[in-house]
>>> print(open('query.txt').read())   # compact mmCIF, C-alpha atoms (C1' of nucleotides)
# COMPACT_ATOMS: atom_id res chain seq x y z
CA MET A 1 0.00 0.00 0.00
CA SER A 2 0.98 3.63 0.32
CA PRO A 3 3.98 4.50 2.45
CA VAL A 4 1.71 6.53 4.73
CA GLN A 5 1.98 5.07 8.21
CA SER A 6 -1.03 5.24 10.48
CA PRO A 7 -0.35 6.83 13.87
CA ALA A 8 0.48 3.74 15.96
CA LEU A 9 -2.55 2.38 17.71
CA PRO A 10 -1.64 -0.44 20.10
CA PRO A 11 -0.85 -3.06 17.44
CA ALA A 12 0.46 -1.10 14.49
CA THR A 13 -2.64 -0.78 12.39
CA SER A 14 -1.06 -1.28 8.99
CA LEU A 15 -0.45 -5.01 8.98
CA PRO A 16 -1.07 -6.98 5.81
CA PRO A 17 -4.58 -8.35 6.09
CA VAL A 18 -4.71 -12.08 6.70
CA SER A 19 -7.73 -14.28 6.10
CA ASP A 20 -9.80 -15.06 9.14
CA LEU A 21 -9.46 -18.59 10.49
CA THR A 22 -13.20 -19.01 10.59
CA ALA A 23 -13.36 -18.40 6.86
CA HIS A 24 -12.01 -21.92 6.39
CA LEU A 25 -14.31 -24.88 6.14
CA GLY A 26 -11.47 -26.89 7.63
CA PHE A 27 -11.78 -24.82 10.77
CA TRP A 28 -15.40 -25.70 11.34
CA LEU A 29 -14.85 -29.28 10.38
CA ARG A 30 -12.15 -29.63 12.97
CA LEU A 31 -14.11 -27.74 15.59
CA VAL A 32 -17.10 -30.03 15.35
CA SER A 33 -15.04 -33.18 14.89
CA ASN A 34 -12.95 -32.42 17.96
CA HIS A 35 -16.02 -31.85 20.08
CA VAL A 36 -17.67 -35.07 18.97
CA SER A 37 -14.49 -37.02 19.66
CA HIS A 38 -13.99 -35.41 23.01
CA ALA A 39 -17.54 -36.18 24.06
CA PHE A 40 -16.99 -39.80 23.10
CA ALA A 41 -13.75 -39.94 25.06
CA ALA A 42 -15.63 -38.61 28.07
CA LYS A 43 -18.16 -41.42 27.77
CA LEU A 44 -15.44 -44.02 27.46
CA ALA A 45 -13.71 -42.65 30.55
CA ALA A 46 -16.26 -44.55 32.61
CA THR A 47 -15.13 -47.80 30.97
CA GLU A 48 -11.81 -49.56 31.09
CA VAL A 49 -10.75 -48.60 27.57
CA THR A 50 -9.59 -45.50 25.73
CA VAL A 51 -10.79 -44.31 22.35
CA ALA A 52 -7.86 -45.84 20.47
CA GLU A 53 -8.31 -49.10 22.36
CA TRP A 54 -12.00 -49.18 21.44
CA SER A 55 -11.10 -48.56 17.85
CA LEU A 56 -8.75 -51.52 17.77
CA MET A 57 -11.28 -53.76 19.49
CA ARG A 58 -13.95 -52.75 17.01
CA ALA A 59 -11.59 -53.58 14.16
CA LEU A 60 -11.15 -57.10 15.50
CA TYR A 61 -14.80 -57.76 16.30
CA ASP A 62 -16.59 -60.26 14.09
CA LYS A 63 -13.48 -60.82 12.00
CA ALA A 64 -10.78 -63.48 11.85
CA PRO A 65 -7.52 -62.79 13.74
CA MET A 66 -5.66 -59.98 11.99
CA PRO A 67 -2.00 -59.01 11.70
CA PRO A 68 -1.00 -55.74 13.38
CA SER A 69 0.15 -54.31 10.07
CA ARG A 70 -3.33 -54.59 8.66
CA ILE A 71 -4.76 -52.84 11.69
CA ALA A 72 -2.19 -50.08 11.44
CA ASP A 73 -3.33 -49.39 7.90
CA ASP A 74 -7.00 -49.52 8.88
CA MET A 75 -6.58 -47.20 11.82
CA GLY A 76 -4.14 -44.79 10.25
CA LEU A 77 -1.49 -45.39 12.90
CA THR A 78 2.08 -46.64 12.60
CA ARG A 79 2.99 -50.22 13.36
CA GLY A 80 4.91 -49.12 16.40
CA ALA A 81 1.76 -47.50 17.77
CA ILE A 82 -0.20 -50.70 17.23
CA THR A 83 2.42 -52.75 19.03
CA LYS A 84 2.05 -50.58 22.11
CA LEU A 85 -1.71 -50.28 21.84
CA ALA A 86 -1.93 -54.07 21.61
CA ASP A 87 0.37 -54.40 24.61
CA ARG A 88 -2.04 -52.34 26.67
CA LEU A 89 -5.07 -54.35 25.57
CA ILE A 90 -3.24 -57.61 26.22
CA ALA A 91 -2.43 -56.41 29.72
CA LYS A 92 -6.16 -55.89 30.23
CA ALA A 93 -6.87 -59.38 28.86
CA LEU A 94 -9.09 -57.95 26.14
CA ILE A 95 -7.08 -59.24 23.19
CA VAL A 96 -4.43 -61.91 22.56
CA ARG A 97 -1.37 -61.96 20.35
CA ALA A 98 -0.39 -65.19 18.58
CA ALA A 99 2.26 -66.16 16.06
CA SER A 100 0.93 -66.47 12.55
CA PRO A 101 0.79 -70.11 11.40
CA ASP A 102 1.91 -69.40 7.84
CA ASP A 103 4.45 -66.61 8.22
CA GLY A 104 7.16 -66.83 10.83
CA ARG A 105 7.51 -63.05 11.04
CA ALA A 106 3.87 -62.22 11.41
CA GLN A 107 1.65 -62.00 14.45
CA THR A 108 -2.12 -62.03 14.71
CA LEU A 109 -4.37 -60.21 17.11
CA ALA A 110 -7.78 -61.39 18.21
CA LEU A 111 -10.28 -60.47 20.89
CA THR A 112 -10.52 -62.62 23.98
CA GLU A 113 -13.91 -63.81 25.09
CA ARG A 114 -14.01 -60.97 27.57
CA GLY A 115 -13.02 -58.48 24.90
CA THR A 116 -15.67 -59.77 22.54
CA ALA A 117 -18.30 -59.52 25.23
CA LEU A 118 -17.38 -55.91 25.91
CA VAL A 119 -17.71 -54.63 22.35
CA PRO A 120 -21.50 -54.35 22.09
CA ALA A 121 -21.73 -52.11 25.16
CA LEU A 122 -18.99 -49.86 23.80
CA ALA A 123 -20.67 -49.77 20.41
CA ALA A 124 -23.83 -48.62 22.14
CA LEU A 125 -21.87 -45.73 23.64
CA ALA A 126 -20.60 -44.82 20.20
CA ASP A 127 -24.13 -44.92 18.81
CA ARG A 128 -25.38 -42.75 21.63
CA ASN A 129 -22.59 -40.25 21.13
CA ASP A 130 -23.29 -39.91 17.45
CA ALA A 131 -27.00 -39.51 18.07
CA GLU A 132 -26.37 -36.89 20.71
CA PHE A 133 -24.78 -34.58 18.18
CA PHE A 134 -26.48 -35.40 14.92
CA ASP A 135 -30.05 -36.11 15.93
CA ALA A 136 -30.35 -32.35 16.11
CA LEU A 137 -30.23 -32.33 12.33
CA THR A 138 -33.21 -33.20 10.18
CA PRO A 139 -33.00 -36.46 8.21
CA ASP A 140 -32.43 -34.41 5.08
CA GLU A 141 -29.62 -32.50 6.69
CA ARG A 142 -28.01 -35.69 7.92
CA ALA A 143 -28.20 -37.19 4.46
CA SER A 144 -26.76 -34.06 2.94
CA LEU A 145 -23.88 -33.89 5.40
CA LEU A 146 -23.12 -37.56 4.91
CA ARG A 147 -23.12 -37.18 1.15
CA LEU A 148 -20.79 -34.18 1.25
CA LEU A 149 -18.37 -35.85 3.63
CA LYS A 150 -18.31 -39.11 1.70
CA GLY A 151 -17.71 -37.16 -1.48
CA LEU A 152 -14.77 -35.34 0.06
CA ALA A 153 -13.40 -38.60 1.43
CA GLU A 154 -13.62 -40.29 -1.92
CA ARG A 155 -12.13 -37.41 -3.85
CA GLY A 156 -9.27 -37.09 -1.37
CA GLN A 157 -8.51 -40.83 -1.35
CA MET A 158 -9.11 -40.90 2.38
CA THR A 159 -8.94 -44.53 3.35
CA ALA A 160 -7.67 -45.04 6.88
CA THR A 161 -10.12 -45.15 9.72
CA PRO A 162 -9.60 -42.05 11.83
CA ILE A 163 -8.96 -43.02 15.44
CA GLU A 164 -12.53 -42.94 16.71
CA MET B 1 -30.66 -65.14 21.64
CA SER B 2 -31.46 -68.83 21.37
CA PRO B 3 -28.99 -71.27 22.90
CA VAL B 4 -28.46 -72.79 19.46
CA GLN B 5 -24.82 -72.36 18.56
CA SER B 6 -23.80 -72.05 14.94
CA PRO B 7 -21.19 -74.57 13.83
CA ALA B 8 -18.02 -72.53 14.34
CA LEU B 9 -16.87 -70.80 11.21
CA PRO B 10 -13.55 -69.01 11.73
CA PRO B 11 -14.97 -66.20 13.86
CA ALA B 12 -17.98 -67.70 15.57
CA THR B 13 -20.80 -66.49 13.39
CA SER B 14 -23.31 -65.80 16.12
CA LEU B 15 -21.99 -62.57 17.60
CA PRO B 16 -24.42 -59.83 18.59
CA PRO B 17 -24.56 -57.47 15.64
CA VAL B 18 -22.88 -54.16 16.28
CA SER B 19 -23.45 -51.01 14.27
CA ASP B 20 -20.92 -50.34 11.57
CA LEU B 21 -18.45 -47.57 12.30
CA THR B 22 -19.12 -45.96 8.97
CA ALA B 23 -22.76 -45.57 9.91
CA HIS B 24 -21.72 -42.69 12.15
CA LEU B 25 -21.54 -39.16 10.84
CA GLY B 26 -18.83 -38.62 13.44
CA PHE B 27 -16.71 -41.17 11.63
CA TRP B 28 -16.78 -39.31 8.33
CA LEU B 29 -16.34 -35.99 10.01
CA ARG B 30 -13.21 -37.18 11.71
CA LEU B 31 -11.92 -38.91 8.61
CA VAL B 32 -12.11 -35.77 6.52
CA SER B 33 -10.99 -33.46 9.30
CA ASN B 34 -7.94 -35.59 10.03
CA HIS B 35 -6.94 -35.60 6.39
CA VAL B 36 -7.29 -31.86 6.01
CA SER B 37 -5.25 -31.27 9.16
CA HIS B 38 -2.61 -33.73 8.14
CA ALA B 39 -2.25 -32.13 4.73
CA PHE B 40 -1.80 -28.76 6.38
CA ALA B 41 0.81 -30.17 8.75
CA ALA B 42 2.66 -31.52 5.72
CA LYS B 43 2.71 -28.05 4.16
CA LEU B 44 3.95 -26.49 7.38
CA ALA B 45 6.72 -29.06 7.62
CA ALA B 46 8.62 -27.01 5.04
CA THR B 47 8.49 -24.01 7.39
CA GLU B 48 9.99 -23.53 10.80
CA VAL B 49 6.70 -23.87 12.71
CA THR B 50 4.26 -26.62 13.64
CA VAL B 51 0.49 -26.47 13.37
CA ALA B 52 0.00 -25.55 17.02
CA GLU B 53 2.70 -22.90 16.76
CA TRP B 54 1.02 -21.41 13.72
CA SER B 55 -2.27 -21.38 15.56
CA LEU B 56 -0.78 -19.43 18.44
CA MET B 57 0.92 -16.99 16.10
CA ARG B 58 -2.32 -16.43 14.22
CA ALA B 59 -4.08 -15.72 17.51
CA LEU B 60 -1.57 -12.99 18.30
CA TYR B 61 -1.49 -11.41 14.86
CA ASP B 62 -3.10 -7.99 14.53
CA LYS B 63 -4.07 -7.97 18.19
CA ALA B 64 -2.66 -6.38 21.31
CA PRO B 65 -0.39 -8.53 23.51
CA MET B 66 -2.47 -11.25 25.15
CA PRO B 67 -2.20 -13.26 28.35
CA PRO B 68 -1.52 -16.98 27.93
CA SER B 69 -4.74 -17.85 29.73
CA ARG B 70 -6.76 -16.12 27.05
CA ILE B 71 -4.92 -18.01 24.36
CA ALA B 72 -5.46 -21.29 26.16
CA ASP B 73 -9.20 -20.67 26.10
CA ASP B 74 -9.13 -19.61 22.47
CA MET B 75 -7.12 -22.60 21.34
CA GLY B 76 -8.77 -25.19 23.52
CA LEU B 77 -5.50 -26.15 25.21
CA THR B 78 -4.51 -26.12 28.87
CA ARG B 79 -2.40 -23.34 30.31
CA GLY B 80 0.45 -25.74 30.81
CA ALA B 81 0.42 -26.52 27.12
CA ILE B 82 0.52 -22.83 26.24
CA THR B 83 3.49 -22.28 28.53
CA LYS B 84 5.46 -24.91 26.63
CA LEU B 85 4.20 -23.84 23.23
CA ALA B 86 5.21 -20.27 24.01
CA ASP B 87 8.63 -21.46 25.21
CA ARG B 88 9.22 -23.06 21.84
CA LEU B 89 8.17 -19.98 19.91
CA ILE B 90 10.30 -17.76 22.13
CA ALA B 91 13.28 -20.01 21.44
CA LYS B 92 12.67 -19.38 17.74
CA ALA B 93 12.42 -15.62 18.37
CA LEU B 94 8.93 -15.54 16.89
CA ILE B 95 7.14 -14.27 19.99
CA VAL B 96 8.11 -12.54 23.24
CA ARG B 97 6.87 -12.94 26.77
CA ALA B 98 6.58 -9.87 29.00
CA ALA B 99 5.29 -9.22 32.49
CA SER B 100 1.89 -7.58 32.53
CA PRO B 101 2.11 -3.96 33.66
CA ASP B 102 -1.03 -4.08 35.79
CA ASP B 103 -1.02 -7.58 37.30
CA GLY B 104 2.08 -9.03 38.89
CA ARG B 105 0.97 -12.59 38.22
CA ALA B 106 0.12 -12.15 34.59
CA GLN B 107 2.23 -12.38 31.50
CA THR B 108 1.56 -11.22 27.98
CA LEU B 109 2.58 -12.77 24.70
CA ALA B 110 3.17 -10.84 21.50
CA LEU B 111 4.69 -11.54 18.12
CA THR B 112 8.17 -10.29 17.39
CA GLU B 113 8.78 -8.37 14.21
CA ARG B 114 10.05 -11.54 12.62
CA GLY B 115 7.02 -13.47 13.84
CA THR B 116 4.65 -10.85 12.50
CA ALA B 117 6.39 -10.88 9.15
CA LEU B 118 6.03 -14.65 8.93
CA VAL B 119 2.28 -14.83 9.49
CA PRO B 120 1.02 -13.79 6.04
CA ALA B 121 3.02 -16.51 4.30
CA LEU B 122 1.69 -19.11 6.72
CA ALA B 123 -1.84 -17.83 6.29
CA ALA B 124 -1.43 -18.26 2.55
CA LEU B 125 -0.53 -21.90 3.15
CA ALA B 126 -3.67 -22.31 5.25
CA ASP B 127 -5.77 -20.73 2.51
CA ARG B 128 -4.22 -22.98 -0.06
CA ASN B 129 -4.82 -26.06 2.03
CA ASP B 130 -8.46 -25.25 2.54
CA ALA B 131 -8.93 -24.54 -1.13
CA GLU B 132 -7.23 -27.79 -2.07
CA PHE B 133 -9.91 -29.80 -0.33
CA PHE B 134 -13.03 -27.72 -0.62
CA ASP B 135 -12.75 -26.12 -4.02
CA ALA B 136 -13.90 -29.50 -5.28
CA LEU B 137 -17.34 -28.65 -3.93
CA THR B 138 -19.73 -26.36 -5.73
CA PRO B 139 -20.42 -22.98 -4.11
CA ASP B 140 -23.82 -24.29 -3.05
CA GLU B 141 -22.29 -27.34 -1.46
CA ARG B 142 -19.72 -25.24 0.37
CA ALA B 143 -22.43 -22.97 1.69
CA SER B 144 -24.49 -25.94 2.76
CA LEU B 145 -21.60 -27.62 4.54
CA LEU B 146 -20.67 -24.40 6.27
CA ARG B 147 -24.23 -23.85 7.42
CA LEU B 148 -24.54 -27.37 8.80
CA LEU B 149 -21.23 -27.22 10.63
CA LYS B 150 -21.91 -23.79 12.09
CA GLY B 151 -25.32 -24.99 13.22
CA LEU B 152 -23.78 -27.99 14.97
CA ALA B 153 -21.13 -25.80 16.54
CA GLU B 154 -23.70 -23.37 17.84
CA ARG B 155 -26.03 -26.04 19.14
CA GLY B 156 -23.18 -27.83 20.87
CA GLN B 157 -21.76 -24.67 22.43
CA MET B 158 -18.49 -25.32 20.68
CA THR B 159 -16.34 -22.30 21.38
CA ALA B 160 -12.63 -23.08 21.50
CA THR B 161 -10.60 -22.84 18.35
CA PRO B 162 -9.55 -26.33 17.39
CA ILE B 163 -5.78 -26.46 17.00
CA GLU B 164 -5.52 -25.68 13.32
C1' DC C 1 -3.87 -4.09 58.11
C1' DG C 2 -3.75 -9.17 57.75
C1' DG C 3 -5.14 -13.56 56.67
C1' DA C 4 -8.21 -16.71 53.53
C1' DG C 5 -9.19 -17.83 49.36
C1' DA C 6 -9.04 -17.14 44.35
C1' DT C 7 -6.29 -16.62 40.19
C1' DA C 8 -2.11 -16.65 36.69
C1' DG C 9 1.47 -19.14 35.30
C1' DT C 10 4.88 -22.76 35.62
C1' DT C 11 6.48 -27.31 36.58
C1' DT C 12 6.36 -32.28 37.12
C1' DC C 13 4.82 -36.64 35.99
C1' DC C 14 2.26 -39.41 32.88
C1' DT C 15 0.19 -40.99 28.46
C1' DA C 16 0.19 -41.81 23.59
C1' DG C 17 1.78 -41.09 19.57
C1' DT C 18 5.94 -40.71 15.64
C1' DC C 19 10.37 -41.88 13.58
C1' DA C 20 14.38 -44.47 13.00
C1' DA C 21 17.14 -48.42 14.22
C1' DT C 22 17.02 -53.25 14.82
C1' DC C 23 16.15 -58.24 14.24
C1' DA C 24 14.24 -62.26 12.31
C1' DA C 25 11.99 -64.57 8.69
C1' DA C 26 10.78 -64.65 3.60
C1' DG C 27 11.53 -64.29 -1.07
C1' DA C 28 14.45 -63.50 -5.40
C1' DG C 29 18.34 -64.25 -8.43
C1' DG C 30 22.67 -66.01 -9.82
C1' DC D 1 21.96 -73.19 -1.96
C1' DC D 2 23.72 -68.91 -0.57
C1' DT D 3 23.47 -63.98 -0.53
C1' DC D 4 20.73 -59.63 -1.06
C1' DT D 5 16.81 -57.35 -0.37
C1' DT D 6 12.30 -56.84 1.44
C1' DT D 7 8.90 -57.27 4.93
C1' DG D 8 6.65 -57.76 9.83
C1' DA D 9 7.10 -56.54 14.26
C1' DT D 10 9.32 -54.58 18.22
C1' DT D 11 12.10 -51.25 20.61
C1' DG D 12 14.20 -46.80 22.09
C1' DA D 13 14.61 -41.90 21.81
C1' DC D 14 11.84 -38.06 21.34
C1' DT D 15 7.66 -34.87 21.03
C1' DA D 16 3.28 -32.83 22.45
C1' DG D 17 -0.26 -32.33 25.45
C1' DG D 18 -3.20 -33.25 30.01
C1' DA D 19 -3.78 -33.32 35.09
C1' DA D 20 -2.49 -31.88 39.23
C1' DA D 21 0.82 -29.90 42.46
C1' DC D 22 3.14 -25.72 43.36
C1' DT D 23 4.43 -20.59 43.60
C1' DA D 24 3.46 -15.90 43.48
C1' DT D 25 0.27 -12.41 43.52
C1' DC D 26 -4.06 -10.31 44.00
C1' DT D 27 -8.73 -9.47 46.28
C1' DC D 28 -11.87 -9.46 49.72
C1' DC D 29 -13.38 -8.78 54.10
C1' DG D 30 -13.28 -8.85 59.09
>>> encode(input="query.txt", output="structure tokens")
Amino acid sequence: MSPVQSPALPPATSLPPVSDLTAHLGFWLRLVSNHVSHAFAAKLAATEVTVAEWSLMRALYDKAPMPPSRIADDMGLTRGAITKLADRLIAKALIVRAASPDDGRAQTLALTERGTALVPALAALADRNDAEFFDALTPDERASLLRLLKGLAERGQMTATPIE
Amino acid sequence: MSPVQSPALPPATSLPPVSDLTAHLGFWLRLVSNHVSHAFAAKLAATEVTVAEWSLMRALYDKAPMPPSRIADDMGLTRGAITKLADRLIAKALIVRAASPDDGRAQTLALTERGTALVPALAALADRNDAEFFDALTPDERASLLRLLKGLAERGQMTATPIE
DNA sequence: CGGAGATAGTTTCCTAGTCAATCAAAGAGG
DNA sequence: CCTCTTTGATTGACTAGGAAACTATCTCCG
């Protein structure tokens, strides 16, 4: 702009204008997403598992034993993270780790009986959490939001399960 | 259910059905949000600041020096987190910490000249990131998504800035 | 005034990830 | 077959943030 300097109000008034954060869709997306996740974490706090632990348990439910690498891909975490996450769940006797029969390097993870039995109650919490936020929308609005989000996910090649 | 047991296919086939993760709007919200954030983090990796650091710098830009507590509220982080975040930015000479003139307990944070000069370039990265994901939508779709998200945010009393 | 409680910020300890190094088992090629 | 490379998992060093304890200061009120 012009070299004319305005007469120094507290923060020098002639800063280059910068777009407002709230102008970004990403801002609102993250705001809402964070709140939904946080509310779910609060519900899980009453249980013996964390959000990431629930996510891993859900991934194993009603499926054959799976290698950690597969789960890492599904959950969008590194293998190292899965190793430690699995360690915690094993310590709680909710899952078991076993050597793969066909590949000497590989391991498999599977829910224990206790872990399996716990999943439905946790899933109910997840259902309730989702309802708590999105039942406020009309069915049309829900459908519209779902369509938009799925479209973005598809276009952006977003595959991994976010840690829910 | 009935005591009849199905004849043991790999994972016993008679588990209580549990709602699919992808049935939840929260799932898709988080999936997209995580991807957008991650893409932005990748862009910032080429700079000298992290996402949280950018967020703090943006909060200070074009405003009078602010107390850390205010920033903690704005960013949705604890005060302890802001102390450490500020320490890192001070080490990079991007912000300064000063004692508040009127309250002996309080501190204020403000951008340095260098920090101020850096903000517009970072803001441009943020703009570009948002555009990258959401320009794929039509103007109508963008407006619709924005309206839905703002409505959810308002209804859920979501105030704090998510760490962008 | 002076002490009780509230408030601002920092610090400490803990949790949960990433990244890079490591090790063992598989697979490929001469 | 023997080496080279790749792959699966684990480990260790490091980072970022939360919760709660702690310190200093302020405010209120008897």
>>> residues_around(input="query.txt", residues="stretch 1-14 of chain C", least_positions_apart="3", cutoff="8 Å", atoms="all atoms listed in the file", output="list in words")
Ser69, Arg79, Gly80, Thr83, Arg105, Ala106 and Gln107 of chain B; DC22, DC26 and DT27 of chain D
>>> calpha_fit_and_write(input="query.txt", fixed="chain B", moving="chain A", output="compact mmCIF listing (two decimals) with C-alpha atoms, in the frame of the given file")
# COMPACT_ATOMS: atom_id res chain seq x y z
CA MET A 1 -31.60 -65.15 20.24
CA SER A 2 -32.25 -68.87 20.17
CA PRO A 3 -29.84 -71.15 22.00
CA VAL A 4 -28.99 -72.82 18.69
CA GLN A 5 -25.28 -72.40 18.11
CA SER A 6 -24.01 -72.13 14.57
CA PRO A 7 -21.27 -74.62 13.68
CA ALA A 8 -18.15 -72.56 14.47
CA LEU A 9 -16.87 -70.75 11.44
CA PRO A 10 -13.54 -69.04 12.13
CA PRO A 11 -14.91 -66.26 14.36
CA ALA A 12 -17.91 -67.77 16.08
CA THR A 13 -20.71 -66.55 13.87
CA SER A 14 -23.25 -65.79 16.57
CA LEU A 15 -21.89 -62.57 18.01
CA PRO A 16 -24.29 -59.81 18.96
CA PRO A 17 -24.46 -57.49 15.99
CA VAL A 18 -22.72 -54.18 16.54
CA SER A 19 -23.30 -51.04 14.50
CA ASP A 20 -20.79 -50.39 11.78
CA LEU A 21 -18.32 -47.59 12.47
CA THR A 22 -19.03 -46.02 9.12
CA ALA A 23 -22.67 -45.63 10.08
CA HIS A 24 -21.61 -42.73 12.29
CA LEU A 25 -21.44 -39.22 10.97
CA GLY A 26 -18.72 -38.66 13.54
CA PHE A 27 -16.61 -41.20 11.72
CA TRP A 28 -16.71 -39.36 8.43
CA LEU A 29 -16.28 -36.03 10.10
CA ARG A 30 -13.13 -37.21 11.78
CA LEU A 31 -11.85 -38.93 8.67
CA VAL A 32 -12.06 -35.81 6.56
CA SER A 33 -10.94 -33.48 9.33
CA ASN A 34 -7.87 -35.59 10.04
CA HIS A 35 -6.89 -35.63 6.39
CA VAL A 36 -7.26 -31.88 6.02
CA SER A 37 -5.20 -31.29 9.15
CA HIS A 38 -2.55 -33.73 8.10
CA ALA A 39 -2.22 -32.12 4.69
CA PHE A 40 -1.78 -28.76 6.37
CA ALA A 41 0.86 -30.15 8.70
CA ALA A 42 2.70 -31.48 5.67
CA LYS A 43 2.72 -28.01 4.12
CA LEU A 44 3.96 -26.44 7.32
CA ALA A 45 6.76 -28.99 7.54
CA ALA A 46 8.62 -26.92 4.97
CA THR A 47 8.47 -23.92 7.32
CA GLU A 48 9.99 -23.41 10.72
CA VAL A 49 6.73 -23.79 12.64
CA THR A 50 4.33 -26.56 13.58
CA VAL A 51 0.56 -26.45 13.34
CA ALA A 52 0.08 -25.55 17.00
CA GLU A 53 2.75 -22.87 16.72
CA TRP A 54 1.02 -21.39 13.68
CA SER A 55 -2.23 -21.39 15.56
CA LEU A 56 -0.75 -19.42 18.42
CA MET A 57 0.92 -16.96 16.07
CA ARG A 58 -2.34 -16.43 14.22
CA ALA A 59 -4.08 -15.75 17.52
CA LEU A 60 -1.60 -12.99 18.30
CA TYR A 61 -1.56 -11.40 14.86
CA ASP A 62 -3.21 -8.00 14.55
CA LYS A 63 -4.15 -7.99 18.22
CA ALA A 64 -2.75 -6.39 21.36
CA PRO A 65 -0.44 -8.53 23.54
CA MET A 66 -2.49 -11.29 25.16
CA PRO A 67 -2.15 -13.29 28.37
CA PRO A 68 -1.44 -17.01 27.96
CA SER A 69 -4.64 -17.90 29.78
CA ARG A 70 -6.70 -16.18 27.14
CA ILE A 71 -4.87 -18.04 24.41
CA ALA A 72 -5.36 -21.34 26.19
CA ASP A 73 -9.09 -20.76 26.17
CA ASP A 74 -9.07 -19.68 22.52
CA MET A 75 -7.05 -22.65 21.38
CA GLY A 76 -8.65 -25.27 23.56
CA LEU A 77 -5.38 -26.21 25.24
CA THR A 78 -4.36 -26.15 28.89
CA ARG A 79 -2.27 -23.35 30.31
CA GLY A 80 0.62 -25.70 30.79
CA ALA A 81 0.56 -26.50 27.07
CA ILE A 82 0.62 -22.80 26.22
CA THR A 83 3.59 -22.21 28.49
CA LYS A 84 5.59 -24.81 26.61
CA LEU A 85 4.31 -23.80 23.20
CA ALA A 86 5.28 -20.21 23.97
CA ASP A 87 8.70 -21.37 25.14
CA ARG A 88 9.30 -22.97 21.77
CA LEU A 89 8.20 -19.88 19.84
CA ILE A 90 10.32 -17.65 22.06
CA ALA A 91 13.32 -19.85 21.35
CA LYS A 92 12.68 -19.24 17.65
CA ALA A 93 12.39 -15.49 18.28
CA LEU A 94 8.89 -15.43 16.83
CA ILE A 95 7.13 -14.19 19.95
CA VAL A 96 8.09 -12.45 23.21
CA ARG A 97 6.85 -12.86 26.75
CA ALA A 98 6.54 -9.80 29.00
CA ALA A 99 5.22 -9.17 32.49
CA SER A 100 1.79 -7.61 32.52
CA PRO A 101 1.90 -3.96 33.63
CA ASP A 102 -1.30 -4.12 35.67
CA ASP A 103 -1.23 -7.58 37.21
CA GLY A 104 1.89 -8.88 38.86
CA ARG A 105 0.94 -12.51 38.22
CA ALA A 106 0.10 -12.18 34.58
CA GLN A 107 2.24 -12.39 31.49
CA THR A 108 1.55 -11.21 27.97
CA LEU A 109 2.58 -12.72 24.69
CA ALA A 110 3.12 -10.80 21.48
CA LEU A 111 4.63 -11.48 18.09
CA THR A 112 8.09 -10.17 17.34
CA GLU A 113 8.65 -8.25 14.16
CA ARG A 114 9.96 -11.41 12.57
CA GLY A 115 6.96 -13.37 13.78
CA THR A 116 4.56 -10.77 12.45
CA ALA A 117 6.28 -10.79 9.10
CA LEU A 118 5.95 -14.56 8.86
CA VAL A 119 2.20 -14.77 9.45
CA PRO A 120 0.93 -13.74 6.01
CA ALA A 121 2.94 -16.45 4.25
CA LEU A 122 1.65 -19.07 6.67
CA ALA A 123 -1.89 -17.80 6.25
CA ALA A 124 -1.48 -18.24 2.52
CA LEU A 125 -0.57 -21.88 3.13
CA ALA A 126 -3.68 -22.30 5.22
CA ASP A 127 -5.80 -20.73 2.49
CA ARG A 128 -4.25 -22.99 -0.11
CA ASN A 129 -4.82 -26.06 2.02
CA ASP A 130 -8.47 -25.27 2.53
CA ALA A 131 -8.96 -24.58 -1.16
CA GLU A 132 -7.25 -27.82 -2.08
CA PHE A 133 -9.91 -29.84 -0.33
CA PHE A 134 -13.04 -27.76 -0.60
CA ASP A 135 -12.78 -26.19 -4.02
CA ALA A 136 -13.92 -29.58 -5.24
CA LEU A 137 -17.34 -28.73 -3.87
CA THR A 138 -19.76 -26.46 -5.67
CA PRO A 139 -20.44 -23.07 -4.06
CA ASP A 140 -23.82 -24.38 -2.97
CA GLU A 141 -22.27 -27.43 -1.39
CA ARG A 142 -19.71 -25.32 0.42
CA ALA A 143 -22.42 -23.06 1.75
CA SER A 144 -24.47 -26.02 2.84
CA LEU A 145 -21.56 -27.70 4.60
CA LEU A 146 -20.62 -24.47 6.32
CA ARG A 147 -24.17 -23.92 7.49
CA LEU A 148 -24.48 -27.44 8.88
CA LEU A 149 -21.16 -27.26 10.69
CA LYS A 150 -21.84 -23.84 12.15
CA GLY A 151 -25.23 -25.05 13.30
CA LEU A 152 -23.68 -28.04 15.04
CA ALA A 153 -21.03 -25.83 16.60
CA GLU A 154 -23.58 -23.41 17.92
CA ARG A 155 -25.91 -26.06 19.25
CA GLY A 156 -23.04 -27.87 20.95
CA GLN A 157 -21.61 -24.70 22.52
CA MET A 158 -18.34 -25.34 20.74
CA THR A 159 -16.23 -22.30 21.43
CA ALA A 160 -12.53 -23.09 21.53
CA THR A 161 -10.51 -22.88 18.37
CA PRO A 162 -9.47 -26.39 17.41
CA ILE A 163 -5.70 -26.57 17.01
CA GLU A 164 -5.46 -25.80 13.31
>>> axis_aligned_box(input="query.txt", around="stretch 145-164 of chain A", padding_each_side="3 Å", output="JSON")
{"center_x": -15.8, "center_y": -39.5, "center_z": 6.4, "size_x": 22.2, "size_y": 17.3, "size_z": 26.6}
>>> residues_around(input="query.txt", residues="B:Leu149", least_positions_apart="3", cutoff="10 Å", atoms="all atoms listed in the file", output="PyMOL selection string")
(chain A and resi 25+27-33+145) or (chain B and resi 143-146+152-155)
>>> residues_around(input="query.txt", residues="stretch 119-134 of chain A", least_positions_apart="2", cutoff="8 Å", atoms="only C-alpha atoms (C1' of nucleotides)", output="ChimeraX atom specification")
/A:36,39-40,43-44,54,57-58,61,115-117,136-137,142 /B:16-19,24-26,152,156
